[in-house]
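S.K.: Contents of work-v9.txt (compact mmCIF, C-alpha atoms) are given next:
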# COMPACT_ATOMS: atom_id res chain seq x y z
CA MET A 1297 -82.84 -29.19 40.78
CA GLN A 1298 -81.53 -31.18 37.86
CA VAL A 1299 -84.84 -30.80 36.02
CA ARG A 1300 -84.85 -27.03 36.40
CA MET A 1301 -81.34 -26.89 35.06
CA VAL A 1302 -82.21 -28.93 31.99
CA LYS A 1303 -85.22 -26.67 31.47
CA LYS A 1304 -82.98 -23.61 31.53
CA ILE A 1305 -80.64 -25.19 28.98
CA LEU A 1306 -83.60 -25.91 26.73
CA GLU A 1307 -84.93 -22.36 27.11
CA ALA A 1308 -81.57 -20.87 26.18
CA ASN A 1309 -81.40 -23.30 23.27
CA ASP A 1310 -84.83 -22.26 22.04
CA ARG A 1311 -83.88 -18.58 21.97
CA ILE A 1312 -80.84 -19.27 19.80
CA ALA A 1313 -82.90 -21.63 17.65
CA GLU A 1314 -85.36 -18.80 16.91
CA GLU A 1315 -82.47 -16.60 15.78
CA ASN A 1316 -81.20 -19.35 13.49
CA ARG A 1317 -84.69 -19.83 12.10
CA ARG A 1318 -85.01 -16.11 11.33
CA THR A 1319 -81.60 -16.04 9.62
CA LEU A 1320 -82.51 -19.04 7.46
CA LYS A 1321 -85.97 -17.72 6.61
CA ASP A 1322 -84.60 -14.28 5.68
CA ALA A 1323 -82.15 -16.03 3.34
CA GLY A 1324 -85.02 -17.93 1.69
CA VAL A 1325 -83.55 -21.28 2.71
CA LEU A 1326 -85.64 -24.38 3.54
CA SER A 1327 -83.85 -25.95 6.49
CA ILE A 1328 -84.34 -29.58 7.43
CA ASN A 1329 -83.17 -31.30 10.61
CA LEU A 1330 -82.54 -34.88 9.47
CA MET A 1331 -82.62 -37.36 12.34
CA SER A 1332 -82.38 -41.13 12.83
CA ALA A 1333 -80.77 -43.90 14.82
CA PRO A 1334 -77.17 -44.77 13.88
CA GLY A 1335 -76.87 -46.45 10.50
CA ALA A 1336 -80.40 -45.82 9.22
CA GLY A 1337 -78.96 -44.20 6.10
CA LYS A 1338 -79.08 -40.41 6.51
CA THR A 1339 -75.90 -39.71 4.55
CA THR A 1340 -76.77 -42.27 1.89
CA LEU A 1341 -80.20 -40.66 1.48
CA LEU A 1342 -78.51 -37.30 0.85
CA ALA A 1343 -75.99 -38.86 -1.52
CA LYS A 1344 -78.88 -40.36 -3.53
CA THR A 1345 -81.10 -37.25 -3.37
CA ILE A 1346 -78.77 -34.31 -4.05
CA PRO A 1347 -77.50 -35.41 -7.51
CA VAL A 1348 -81.05 -36.14 -8.75
CA LEU A 1349 -82.04 -32.55 -7.99
CA ALA A 1350 -78.91 -30.98 -9.51
CA GLY A 1351 -79.89 -27.84 -11.44
CA ARG A 1352 -83.25 -27.70 -9.63
CA LEU A 1353 -82.40 -27.38 -5.95
CA ARG A 1354 -79.11 -26.12 -4.55
CA PHE A 1355 -78.19 -27.93 -1.34
CA GLY A 1356 -75.99 -27.15 1.62
CA VAL A 1357 -75.28 -29.67 4.35
CA ILE A 1358 -74.23 -29.46 7.99
CA GLU A 1359 -72.91 -32.81 9.23
CA GLY A 1360 -73.22 -33.57 12.92
CA ASP A 1361 -71.05 -36.36 14.28
CA ILE A 1362 -69.40 -37.17 17.57
CA GLN A 1363 -66.08 -37.28 15.79
CA GLY A 1364 -64.58 -37.77 12.34
CA THR A 1365 -65.45 -36.38 8.91
CA TYR A 1366 -66.57 -39.55 7.11
CA ASP A 1367 -70.04 -38.32 6.19
CA ALA A 1368 -68.86 -34.81 5.30
CA GLU A 1369 -66.39 -36.31 2.83
CA VAL A 1370 -69.21 -38.21 1.10
CA ILE A 1371 -71.23 -34.99 0.78
CA ALA A 1372 -68.25 -32.84 -0.27
CA ALA A 1373 -67.63 -35.27 -3.14
CA LEU A 1374 -71.04 -34.24 -4.50
CA GLY A 1375 -69.77 -30.69 -4.90
CA VAL A 1376 -72.12 -29.05 -2.40
CA PRO A 1377 -71.10 -26.83 0.52
CA VAL A 1378 -70.71 -28.90 3.68
CA ILE A 1379 -69.59 -28.07 7.20
CA GLN A 1380 -68.75 -30.75 9.76
CA ILE A 1381 -69.65 -30.25 13.41
CA ASN A 1382 -67.90 -32.60 15.79
CA THR A 1383 -69.80 -32.72 19.07
CA GLU A 1384 -66.92 -34.42 20.92
CA GLY A 1385 -69.14 -36.76 22.87
CA ALA A 1386 -72.47 -34.92 22.82
CA CYS A 1387 -75.27 -37.07 21.45
CA HIS A 1388 -77.17 -34.36 19.55
CA LEU A 1389 -76.74 -31.02 17.84
CA ASP A 1390 -78.00 -27.91 19.61
CA ALA A 1391 -78.92 -24.44 18.34
CA ASN A 1392 -75.67 -22.90 19.52
CA MET A 1393 -73.56 -25.29 17.43
CA ILE A 1394 -75.57 -24.30 14.35
CA SER A 1395 -75.43 -20.60 15.22
CA ASP A 1396 -71.64 -20.79 15.45
CA ILE A 1397 -71.14 -22.08 11.91
CA LEU A 1398 -74.12 -20.56 10.07
CA PRO A 1399 -72.11 -17.45 9.03
CA GLU A 1400 -69.74 -19.77 7.15
CA MET A 1401 -72.56 -21.25 5.05
CA PRO A 1402 -73.14 -19.46 1.69
CA LEU A 1403 -76.88 -19.13 2.35
CA ALA A 1404 -77.46 -16.93 -0.72
CA ASP A 1405 -76.46 -19.87 -2.91
CA ILE A 1406 -78.54 -22.50 -1.08
CA ASP A 1407 -82.20 -23.50 -1.50
CA VAL A 1408 -82.24 -26.40 0.97
CA LEU A 1409 -79.97 -26.68 4.02
CA VAL A 1410 -79.93 -30.17 5.50
CA ILE A 1411 -78.69 -30.44 9.06
CA GLU A 1412 -77.75 -34.09 9.50
CA ASN A 1413 -78.00 -34.74 13.22
CA VAL A 1414 -75.99 -37.21 15.31
CA GLY A 1415 -77.30 -40.78 14.95
CA ASN A 1416 -79.62 -41.09 17.95
CA LEU A 1417 -83.35 -41.74 18.17
CA VAL A 1418 -83.79 -39.87 21.46
CA CYS A 1419 -82.03 -36.58 22.21
CA PRO A 1420 -81.96 -34.86 18.79
CA ALA A 1421 -85.77 -34.66 18.91
CA GLU A 1422 -85.58 -32.63 22.14
CA PHE A 1423 -83.31 -29.90 20.79
CA ASP A 1424 -84.67 -27.37 18.31
CA VAL A 1425 -81.72 -26.22 16.19
CA GLY A 1426 -83.75 -23.60 14.33
CA GLU A 1427 -84.83 -25.76 11.43
CA GLU A 1428 -88.06 -25.27 9.49
CA ALA A 1429 -88.88 -28.98 9.33
CA LYS A 1430 -87.79 -32.13 11.08
CA VAL A 1431 -87.50 -35.24 8.92
CA MET A 1432 -86.74 -38.64 10.39
CA LEU A 1433 -85.41 -41.78 8.87
CA LEU A 1434 -86.13 -45.26 10.23
CA SER A 1435 -84.46 -48.34 8.83
CA VAL A 1436 -87.06 -51.09 8.61
CA THR A 1437 -84.41 -53.42 10.06
CA GLU A 1438 -84.84 -51.58 13.38
CA GLY A 1439 -88.24 -53.22 13.84
CA HIS A 1440 -91.87 -52.22 14.13
CA ASP A 1441 -91.76 -51.32 17.83
CA LYS A 1442 -89.87 -48.07 17.34
CA PRO A 1443 -92.80 -45.56 17.20
CA LEU A 1444 -94.12 -46.71 20.58
CA LYS A 1445 -90.66 -46.95 22.14
CA TYR A 1446 -89.27 -43.65 20.85
CA PRO A 1447 -92.41 -41.54 20.35
CA LEU A 1448 -91.02 -38.00 20.55
CA MET A 1449 -89.16 -38.03 17.24
CA PHE A 1450 -92.21 -39.40 15.44
CA GLN A 1451 -94.37 -36.71 17.05
CA LYS A 1452 -92.07 -33.86 16.09
CA SER A 1453 -91.29 -34.85 12.50
CA GLU A 1454 -93.09 -33.65 9.37
CA ALA A 1455 -91.96 -36.65 7.36
CA LEU A 1456 -90.92 -40.20 8.19
CA ILE A 1457 -88.79 -42.06 5.67
CA LEU A 1458 -88.81 -45.84 6.05
CA ASN A 1459 -85.53 -46.92 4.47
CA LYS A 1460 -84.02 -50.26 3.40
CA ILE A 1461 -87.32 -51.70 2.14
CA ASP A 1462 -85.25 -53.91 -0.22
CA LEU A 1463 -84.60 -56.02 2.91
CA LEU A 1464 -88.30 -56.62 3.67
CA PRO A 1465 -88.32 -60.15 2.16
CA HIS A 1466 -85.54 -61.14 4.58
CA ILE A 1467 -86.77 -59.71 7.90
CA ASP A 1468 -89.76 -60.01 10.23
CA VAL A 1469 -91.26 -56.54 10.37
CA ASP A 1470 -94.87 -55.39 10.36
CA MET A 1471 -94.87 -52.29 8.14
CA GLU A 1472 -98.55 -51.69 8.78
CA LYS A 1473 -97.87 -51.51 12.53
CA ILE A 1474 -95.14 -48.91 12.00
CA ARG A 1475 -97.52 -46.79 9.87
CA ARG A 1476 -100.42 -47.21 12.30
CA ASP A 1477 -98.45 -46.41 15.46
CA ALA A 1478 -96.58 -43.51 13.83
CA LEU A 1479 -99.81 -41.95 12.54
CA ALA A 1480 -101.48 -42.43 15.94
CA LEU A 1481 -98.66 -40.36 17.44
CA ASN A 1482 -98.71 -37.82 14.62
CA PRO A 1483 -101.71 -37.90 12.26
CA LYS A 1484 -100.16 -35.34 9.88
CA LEU A 1485 -96.95 -37.35 9.41
CA LYS A 1486 -96.04 -37.87 5.76
CA ILE A 1487 -94.60 -41.38 5.34
CA PHE A 1488 -92.32 -42.57 2.53
CA GLU A 1489 -91.11 -46.11 1.95
CA ILE A 1490 -87.81 -46.18 0.13
CA SER A 1491 -84.67 -48.12 -0.59
CA CYS A 1492 -81.59 -45.98 -1.09
CA ARG A 1493 -79.89 -49.12 -2.37
CA SER A 1494 -82.39 -50.07 -5.10
CA GLY A 1495 -83.82 -46.59 -5.66
CA GLU A 1496 -87.36 -47.79 -5.02
CA GLY A 1497 -89.67 -45.09 -3.68
CA MET A 1498 -87.14 -42.28 -4.07
CA ASP A 1499 -89.35 -40.37 -6.53
CA ALA A 1500 -92.11 -39.65 -4.02
CA TRP A 1501 -89.61 -38.35 -1.44
CA ILE A 1502 -87.86 -36.15 -4.01
CA THR A 1503 -91.18 -34.75 -5.24
CA TRP A 1504 -92.21 -33.96 -1.65
CA LEU A 1505 -88.91 -32.18 -1.04
CA GLN A 1506 -89.37 -30.01 -4.15
CA THR A 1507 -92.99 -29.22 -3.27
CA ARG A 1508 -92.01 -28.41 0.33
CA ARG A 1509 -89.39 -25.97 -0.94
CA GLN A 1510 -91.74 -24.31 -3.42
CA GLY A 1511 -94.77 -24.12 -1.15
CA ARG A 1512 -93.20 -21.71 1.32
CA MET B 819 -70.16 -24.04 33.87
CA GLN B 820 -72.11 -26.67 32.01
CA VAL B 821 -69.07 -28.93 31.76
CA ARG B 822 -68.40 -28.78 35.51
CA MET B 823 -71.99 -29.65 36.17
CA VAL B 824 -71.89 -32.71 33.93
CA LYS B 825 -68.67 -33.76 35.65
CA LYS B 826 -70.37 -33.52 39.04
CA ILE B 827 -73.29 -35.61 37.81
CA LEU B 828 -70.87 -38.26 36.55
CA GLU B 829 -68.95 -38.27 39.85
CA ALA B 830 -72.14 -38.76 41.86
CA ASN B 831 -73.19 -41.47 39.41
CA ASP B 832 -69.87 -43.28 39.82
CA ARG B 833 -70.22 -43.39 43.61
CA ILE B 834 -73.64 -45.01 43.37
CA ALA B 835 -72.37 -47.34 40.65
CA GLU B 836 -69.64 -48.59 43.01
CA GLU B 837 -72.29 -49.37 45.63
CA ASN B 838 -74.35 -51.29 43.07
CA ARG B 839 -71.26 -53.20 41.98
CA ARG B 840 -70.48 -54.20 45.57
CA THR B 841 -74.06 -55.36 46.16
CA LEU B 842 -74.03 -57.46 42.99
CA LYS B 843 -70.58 -58.90 43.69
CA ASP B 844 -71.50 -59.79 47.28
CA ALA B 845 -74.55 -61.63 45.92
CA GLY B 846 -72.34 -63.63 43.51
CA VAL B 847 -74.14 -62.20 40.48
CA LEU B 848 -72.47 -61.55 37.12
CA SER B 849 -73.98 -58.26 35.95
CA ILE B 850 -73.94 -57.23 32.32
CA ASN B 851 -74.83 -53.82 30.89
CA LEU B 852 -76.19 -54.64 27.43
CA MET B 853 -76.05 -51.69 25.04
CA SER B 854 -76.80 -50.98 21.40
CA ALA B 855 -78.47 -48.61 18.97
CA PRO B 856 -82.27 -48.93 18.70
CA GLY B 857 -83.38 -52.11 17.00
CA ALA B 858 -80.06 -53.97 17.01
CA GLY B 859 -81.72 -56.90 18.77
CA LYS B 860 -80.92 -56.72 22.50
CA THR B 861 -84.23 -58.19 23.65
CA THR B 862 -84.25 -60.81 20.91
CA LEU B 863 -80.72 -61.84 21.93
CA LEU B 864 -81.92 -62.37 25.49
CA ALA B 865 -85.02 -64.24 24.31
CA LYS B 866 -82.77 -66.58 22.31
CA THR B 867 -80.09 -66.95 25.01
CA ILE B 868 -82.00 -67.40 28.26
CA PRO B 869 -83.98 -70.57 27.31
CA VAL B 870 -80.84 -72.30 25.96
CA LEU B 871 -79.17 -71.90 29.36
CA ALA B 872 -82.21 -72.98 31.38
CA GLY B 873 -81.08 -75.20 34.27
CA ARG B 874 -77.50 -74.00 33.89
CA LEU B 875 -77.67 -70.22 34.45
CA ARG B 876 -80.44 -68.37 36.27
CA PHE B 877 -81.10 -64.98 34.71
CA GLY B 878 -82.63 -61.76 35.94
CA VAL B 879 -83.27 -58.82 33.64
CA ILE B 880 -83.66 -55.07 34.11
CA GLU B 881 -85.27 -53.48 31.06
CA GLY B 882 -84.48 -49.83 30.36
CA ASP B 883 -86.80 -47.99 28.00
CA ILE B 884 -87.99 -44.45 27.58
CA GLN B 885 -91.54 -45.68 27.97
CA GLY B 886 -93.64 -48.82 27.63
CA THR B 887 -93.14 -52.40 28.78
CA TYR B 888 -92.87 -54.20 25.41
CA ASP B 889 -89.45 -55.73 26.03
CA ALA B 890 -90.19 -56.59 29.66
CA GLU B 891 -93.24 -58.56 28.52
CA VAL B 892 -91.07 -60.61 26.15
CA ILE B 893 -88.66 -61.41 28.97
CA ALA B 894 -91.38 -62.09 31.55
CA ALA B 895 -92.84 -64.70 29.18
CA LEU B 896 -89.57 -66.63 29.60
CA GLY B 897 -90.32 -67.01 33.32
CA VAL B 898 -87.35 -65.02 34.61
CA PRO B 899 -87.52 -62.09 37.04
CA VAL B 900 -87.70 -58.81 35.15
CA ILE B 901 -88.09 -55.20 36.24
CA GLN B 902 -88.92 -52.40 33.80
CA ILE B 903 -87.35 -48.98 34.26
CA ASN B 904 -89.03 -46.21 32.27
CA THR B 905 -86.65 -43.28 31.93
CA GLU B 906 -89.43 -40.92 30.77
CA GLY B 907 -87.31 -39.22 28.15
CA ALA B 908 -83.79 -39.89 29.40
CA CYS B 909 -81.64 -41.57 26.80
CA HIS B 910 -79.67 -43.87 29.09
CA LEU B 911 -79.83 -45.68 32.42
CA ASP B 912 -77.82 -44.31 35.32
CA ALA B 913 -76.58 -45.88 38.56
CA ASN B 914 -79.31 -44.29 40.65
CA MET B 915 -82.09 -45.88 38.59
CA ILE B 916 -80.47 -49.29 39.15
CA SER B 917 -79.88 -48.60 42.84
CA ASP B 918 -83.57 -47.77 43.29
CA ILE B 919 -84.84 -51.10 42.01
CA LEU B 920 -82.00 -53.47 42.97
CA PRO B 921 -83.62 -54.35 46.34
CA GLU B 922 -86.60 -55.70 44.39
CA MET B 923 -84.46 -58.14 42.41
CA PRO B 924 -84.15 -61.64 43.97
CA LEU B 925 -80.34 -61.59 43.72
CA ALA B 926 -79.93 -64.83 45.70
CA ASP B 927 -81.73 -66.67 42.91
CA ILE B 928 -79.83 -65.06 40.03
CA ASP B 929 -76.52 -66.00 38.41
CA VAL B 930 -76.53 -63.43 35.63
CA LEU B 931 -78.28 -60.04 35.81
CA VAL B 932 -78.63 -58.41 32.41
CA ILE B 933 -79.31 -54.68 32.44
CA GLU B 934 -80.71 -53.90 29.00
CA ASN B 935 -79.98 -50.24 28.42
CA VAL B 936 -81.97 -47.73 26.37
CA GLY B 937 -81.32 -48.10 22.63
CA ASN B 938 -78.62 -45.50 22.02
CA LEU B 939 -75.06 -45.84 20.75
CA VAL B 940 -73.79 -42.76 22.61
CA CYS B 941 -74.86 -41.91 26.18
CA PRO B 942 -75.21 -45.36 27.79
CA ALA B 943 -71.45 -45.86 27.38
CA GLU B 944 -70.79 -42.77 29.49
CA PHE B 945 -72.78 -43.88 32.53
CA ASP B 946 -71.46 -46.66 34.73
CA VAL B 947 -74.50 -48.35 36.29
CA GLY B 948 -72.42 -50.65 38.50
CA GLU B 949 -72.18 -53.56 36.09
CA GLU B 950 -69.29 -56.00 36.00
CA ALA B 951 -69.10 -56.11 32.20
CA LYS B 952 -70.38 -54.03 29.32
CA VAL B 953 -71.51 -55.96 26.25
CA MET B 954 -72.55 -54.21 23.07
CA LEU B 955 -74.60 -55.34 20.14
CA LEU B 956 -74.23 -53.92 16.62
CA SER B 957 -76.59 -54.89 13.84
CA VAL B 958 -74.51 -55.38 10.69
CA THR B 959 -77.23 -53.39 8.86
CA GLU B 960 -75.97 -50.28 10.68
CA GLY B 961 -72.84 -50.28 8.53
CA HIS B 962 -69.10 -50.63 8.91
CA ASP B 963 -68.45 -47.01 9.90
CA LYS B 964 -69.85 -47.37 13.41
CA PRO B 965 -66.65 -48.11 15.41
CA LEU B 966 -64.97 -44.93 14.15
CA LYS B 967 -68.12 -42.82 14.52
CA TYR B 968 -69.16 -44.04 17.99
CA PRO B 969 -65.84 -45.14 19.53
CA LEU B 970 -66.61 -44.90 23.24
CA MET B 971 -68.97 -47.86 23.43
CA PHE B 972 -66.52 -50.07 21.53
CA GLN B 973 -63.72 -48.96 23.86
CA LYS B 974 -65.67 -49.70 27.04
CA SER B 975 -67.18 -53.07 26.10
CA GLU B 976 -65.74 -56.48 26.89
CA ALA B 977 -67.66 -58.14 24.08
CA LEU B 978 -69.10 -56.97 20.76
CA ILE B 979 -71.88 -59.01 19.22
CA LEU B 980 -72.40 -58.44 15.51
CA ASN B 981 -76.03 -59.41 14.95
CA LYS B 982 -78.21 -60.06 11.88
CA ILE B 983 -75.44 -61.75 9.87
CA ASP B 984 -78.18 -63.63 7.98
CA LEU B 985 -78.65 -60.34 6.08
CA LEU B 986 -75.02 -60.15 4.90
CA PRO B 987 -75.80 -61.45 1.38
CA HIS B 988 -78.26 -58.57 0.93
CA ILE B 989 -76.29 -55.56 2.22
CA ASP B 990 -73.03 -53.73 1.49
CA VAL B 991 -70.99 -54.00 4.65
CA ASP B 992 -67.30 -54.66 5.20
CA MET B 993 -67.18 -57.00 8.21
CA GLU B 994 -63.39 -56.98 8.21
CA LYS B 995 -63.41 -53.19 8.58
CA ILE B 996 -65.74 -53.42 11.58
CA ARG B 997 -63.44 -55.98 13.20
CA ARG B 998 -60.27 -54.05 12.38
CA ASP B 999 -61.56 -50.66 13.59
CA ALA B 1000 -63.18 -52.12 16.71
CA LEU B 1001 -60.01 -53.99 17.68
CA ALA B 1002 -57.89 -50.89 17.02
CA LEU B 1003 -60.07 -49.07 19.58
CA ASN B 1004 -60.07 -51.99 21.99
CA PRO B 1005 -57.55 -54.78 21.34
CA LYS B 1006 -59.04 -57.02 24.07
CA LEU B 1007 -62.57 -56.87 22.62
CA LYS B 1008 -64.15 -60.29 22.14
CA ILE B 1009 -66.17 -60.30 18.91
CA PHE B 1010 -69.05 -62.63 18.06
CA GLU B 1011 -70.88 -62.84 14.74
CA ILE B 1012 -74.40 -64.10 15.18
CA SER B 1013 -77.91 -64.20 13.77
CA CYS B 1014 -80.65 -64.32 16.39
CA ARG B 1015 -83.03 -65.15 13.53
CA SER B 1016 -81.17 -68.19 12.11
CA GLY B 1017 -79.31 -69.14 15.30
CA GLU B 1018 -75.94 -69.01 13.53
CA GLY B 1019 -73.05 -68.21 15.84
CA MET B 1020 -75.13 -68.35 19.03
CA ASP B 1021 -73.07 -71.22 20.48
CA ALA B 1022 -69.86 -69.20 20.80
CA TRP B 1023 -71.67 -66.35 22.55
CA ILE B 1024 -73.43 -68.72 24.95
CA THR B 1025 -70.18 -70.52 25.74
CA TRP B 1026 -68.48 -67.19 26.44
CA LEU B 1027 -71.28 -66.15 28.76
CA GLN B 1028 -71.00 -69.41 30.74
CA THR B 1029 -67.22 -69.14 30.95
CA ARG B 1030 -67.42 -65.49 31.98
CA ARG B 1031 -69.79 -66.46 34.81
CA GLN B 1032 -67.65 -69.37 35.99
CA GLY B 1033 -64.29 -67.63 35.75
CA ARG B 1034 -65.05 -65.10 38.47
Show the structure stored in the file as structure tokens.

M.R.:
Amino acid sequence: MQVRMVKKILEANDRIAEENRRTLKDAGVLSINLMSAPGAGKTTLLAKTIPVLAGRLRFGVIEGDIQGTYDAEVIAALGVPVIQINTEGACHLDANMISDILPEMPLADIDVLVIENVGNLVCPAEFDVGEEAKVMLLSVTEGHDKPLKYPLMFQKSEALILNKIDLLPHIDVDMEKIRRDALALNPKLKIFEISCRSGEGMDAWITWLQTRRQGR
Amino acid sequence: MQVRMVKKILEANDRIAEENRRTLKDAGVLSINLMSAPGAGKTTLLAKTIPVLAGRLRFGVIEGDIQGTYDAEVIAALGVPVIQINTEGACHLDANMISDILPEMPLADIDVLVIENVGNLVCPAEFDVGEEAKVMLLSVTEGHDKPLKYPLMFQKSEALILNKIDLLPHIDVDMEKIRRDALALNPKLKIFEISCRSGEGMDAWITWLQTRRQGR
């Protein structure tokens, strides 16, 4: 009974997600659903990426949080359009939440729309919000067991960004195991190793983002 | 419609949770629901705590994971009774899952039952599993904005363990803000600062755990 119900919710979600996807595609926007556990650095990644691409890619951001506007304020300070969605307890964004606020986004002036999901390594991967690509962020401090423990997000993502590599000398983490297990789950996964703090590895991610936008 | 349904699920959950709580109390067991985001160090905390208390407190552990038995194997190697619950996609444990396996736990031989929840800073806080106390772990690498962004878990926990403090010299985090915001949400919250890696601060946590068990 409960399973059928959840299935129905997901089916309804998928229909609305398809509508969102069509709206975004018609507007020529690359939409990215950015997902991670809490504190992996999603907002910091955007704050370090958007200014580098100023004049080349025009960004828009939808911030998903349970409550508050902390991340949206960081993004707004960069001078890009940002809308905050407060889920009021819900642990992920769904297609309906995006559908509700999409008319308020100036899509004609946006090349890349980043939908920053609620910090959660589980549920966001289950809910299509109508994005073109899922990108996930994993802080290397979270440990090398994450692909095998939370496989769905690794399976569904186009790119995996391993953040906080500046901390590698101070922690016990097997980077090769992360790569191996993630690629076993998803052989096409593009993996980047970066530090938003030091800037290391950011170039490759930024180049991929530009190429992904152009190659559509 | 959807909201009513969720409410009904929570009401049914709470009834079963009360039964679990009675069973555990009648057996003289202190039960702890251990919660955190993925990779904050729940299993490592147990692996560093249980051997120190050998001969003084007898532990049992229930491991909640979406899939796999990685954490349960770590705990089993310590020689304590452990049962793995695989949620198969669900992002939290609920009272029914605990109720199902409680008869298999040798409660007469256990002083402290730790229920290690699925790594998730949101949903586990919403579902009473019948524990006596909620304890949460926050890796300091997750950043100082977590209490205000994920308030419910901070509000519901008796103790907050700030882990990975050995990394403080290498990251930008305002520990005083974490403390201030967490205590504003929950003035009775007991806060520990520890490093499972270096062992720093473990004594205070272990003393608290012993006192909490005795003072019942």

S.K.: May I have the residues within 6 Å of stretch 846-852 of chain B as a PDB file with C-alpha atoms, in the frame of the given file, using only C-alpha atoms and disregarding those fewer than 5 positions away in the same chain?

M.R.:
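Once written, result-v3.pdb looks like this:
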ATOM      1  CA  ASP B 929     -76.520 -66.000  38.410  1.00  0.00           C
ATOM      2  CA  VAL B 930     -76.530 -63.430  35.630  1.00  0.00           C
ATOM      3  CA  LEU B 931     -78.280 -60.040  35.810  1.00  0.00           C
ATOM      4  CA  VAL B 932     -78.630 -58.410  32.410  1.00  0.00           C
ATOM      5  CA  ILE B 933     -79.310 -54.680  32.440  1.00  0.00           C
ATOM      6  CA  GLU B 934     -80.710 -53.900  29.000  1.00  0.00           C
ATOM      7  CA  ASN B 935     -79.980 -50.240  28.420  1.00  0.00           C
ATOM      8  CA  GLU B 949     -72.180 -53.560  36.090  1.00  0.00           C
ATOM      9  CA  GLU B 950     -69.290 -56.000  36.000  1.00  0.00           C
ATOM     10  CA  ALA B 951     -69.100 -56.110  32.200  1.00  0.00           C
ATOM     11  CA  LYS B 952     -70.380 -54.030  29.320  1.00  0.00           C
ATOM     12  CA  VAL B 953     -71.510 -55.960  26.250  1.00  0.00           C
ATOM     13  CA  MET B 954     -72.550 -54.210  23.070  1.00  0.00           C
TER      14      MET B 954
END

S.K.: With all atoms listed in the file as the basis for distance, which of B:Ser975, B:Thr905, B:Asn981, B:Ser957 is at the shortest distance from B:Asn1004?

M.R.: B:Ser975

S.K.: Please identify every residue of chain B that has at least one atom no farther than 7 Å from an atom of chain A, counting only C-alpha atoms, and for each give the shortest atom pair and the distance in Å to one decimal, arranged by chain then increasing number, as a Markdown table.

M.R.:
| residue | atom | partner | partner_atom | distance |
| --- | --- | --- | --- | --- |
| B:Ala855 | CA | A:Pro1334 | CA | 6.5 |
| B:Pro856 | CA | A:Glu1438 | CA | 6.5 |
| B:Gly857 | CA | A:Glu1438 | CA | 3.9 |
| B:Ala858 | CA | A:Glu1438 | CA | 6.5 |
| B:Ile884 | CA | A:Lys1445 | CA | 6.6 |
| B:Gln885 | CA | A:Lys1445 | CA | 6.0 |
| B:Gly886 | CA | A:Lys1445 | CA | 6.5 |
| B:Cys909 | CA | A:Val1418 | CA | 6.0 |
| B:Asn938 | CA | A:Asn1416 | CA | 6.1 |
| B:Val940 | CA | A:Cys1387 | CA | 6.0 |
| B:Cys941 | CA | A:Cys1387 | CA | 6.8 |
| B:Glu960 | CA | A:Gly1335 | CA | 3.9 |
| B:Gly961 | CA | A:Gly1335 | CA | 5.9 |
| B:Lys967 | CA | A:Gln1363 | CA | 6.0 |
| B:Tyr968 | CA | A:Ile1362 | CA | 6.9 |

S.K.: Can you tell me which residues surround B:Ala913 at a distance of at most 6 Å, considering only C-alpha atoms, apart from same-chain residues fewer than 2 positions away, and format the answer as an MDAnalysis selection string?

M.R.: chainID B and resid 831 834:835 915:916 947

S.K.: Can I get the selection written as a JSON list (two decimals), in the coordinates of the input, with C-alpha atoms?

M.R.:
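Result saved to part-v5.json:
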[["chain", "number", "residue", "atom", "x", "y", "z"],
["B", 831, "ASN", "CA", -73.19, -41.47, 39.41],
["B", 834, "ILE", "CA", -73.64, -45.01, 43.37],
["B", 835, "ALA", "CA", -72.37, -47.34, 40.65],
["B", 915, "MET", "CA", -82.09, -45.88, 38.59],
["B", 916, "ILE", "CA", -80.47, -49.29, 39.15],
["B", 947, "VAL", "CA", -74.50, -48.35, 36.29]]

S.K.: Just to confirm, what's the straight-line distance from atom CA of A:Leu1374 to atom CA of A:Gly1351 in Å (one decimal)?

M.R.: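 Pair atom CA of A:Leu1374 / atom CA of A:Gly1351 returns 12.9 Å.
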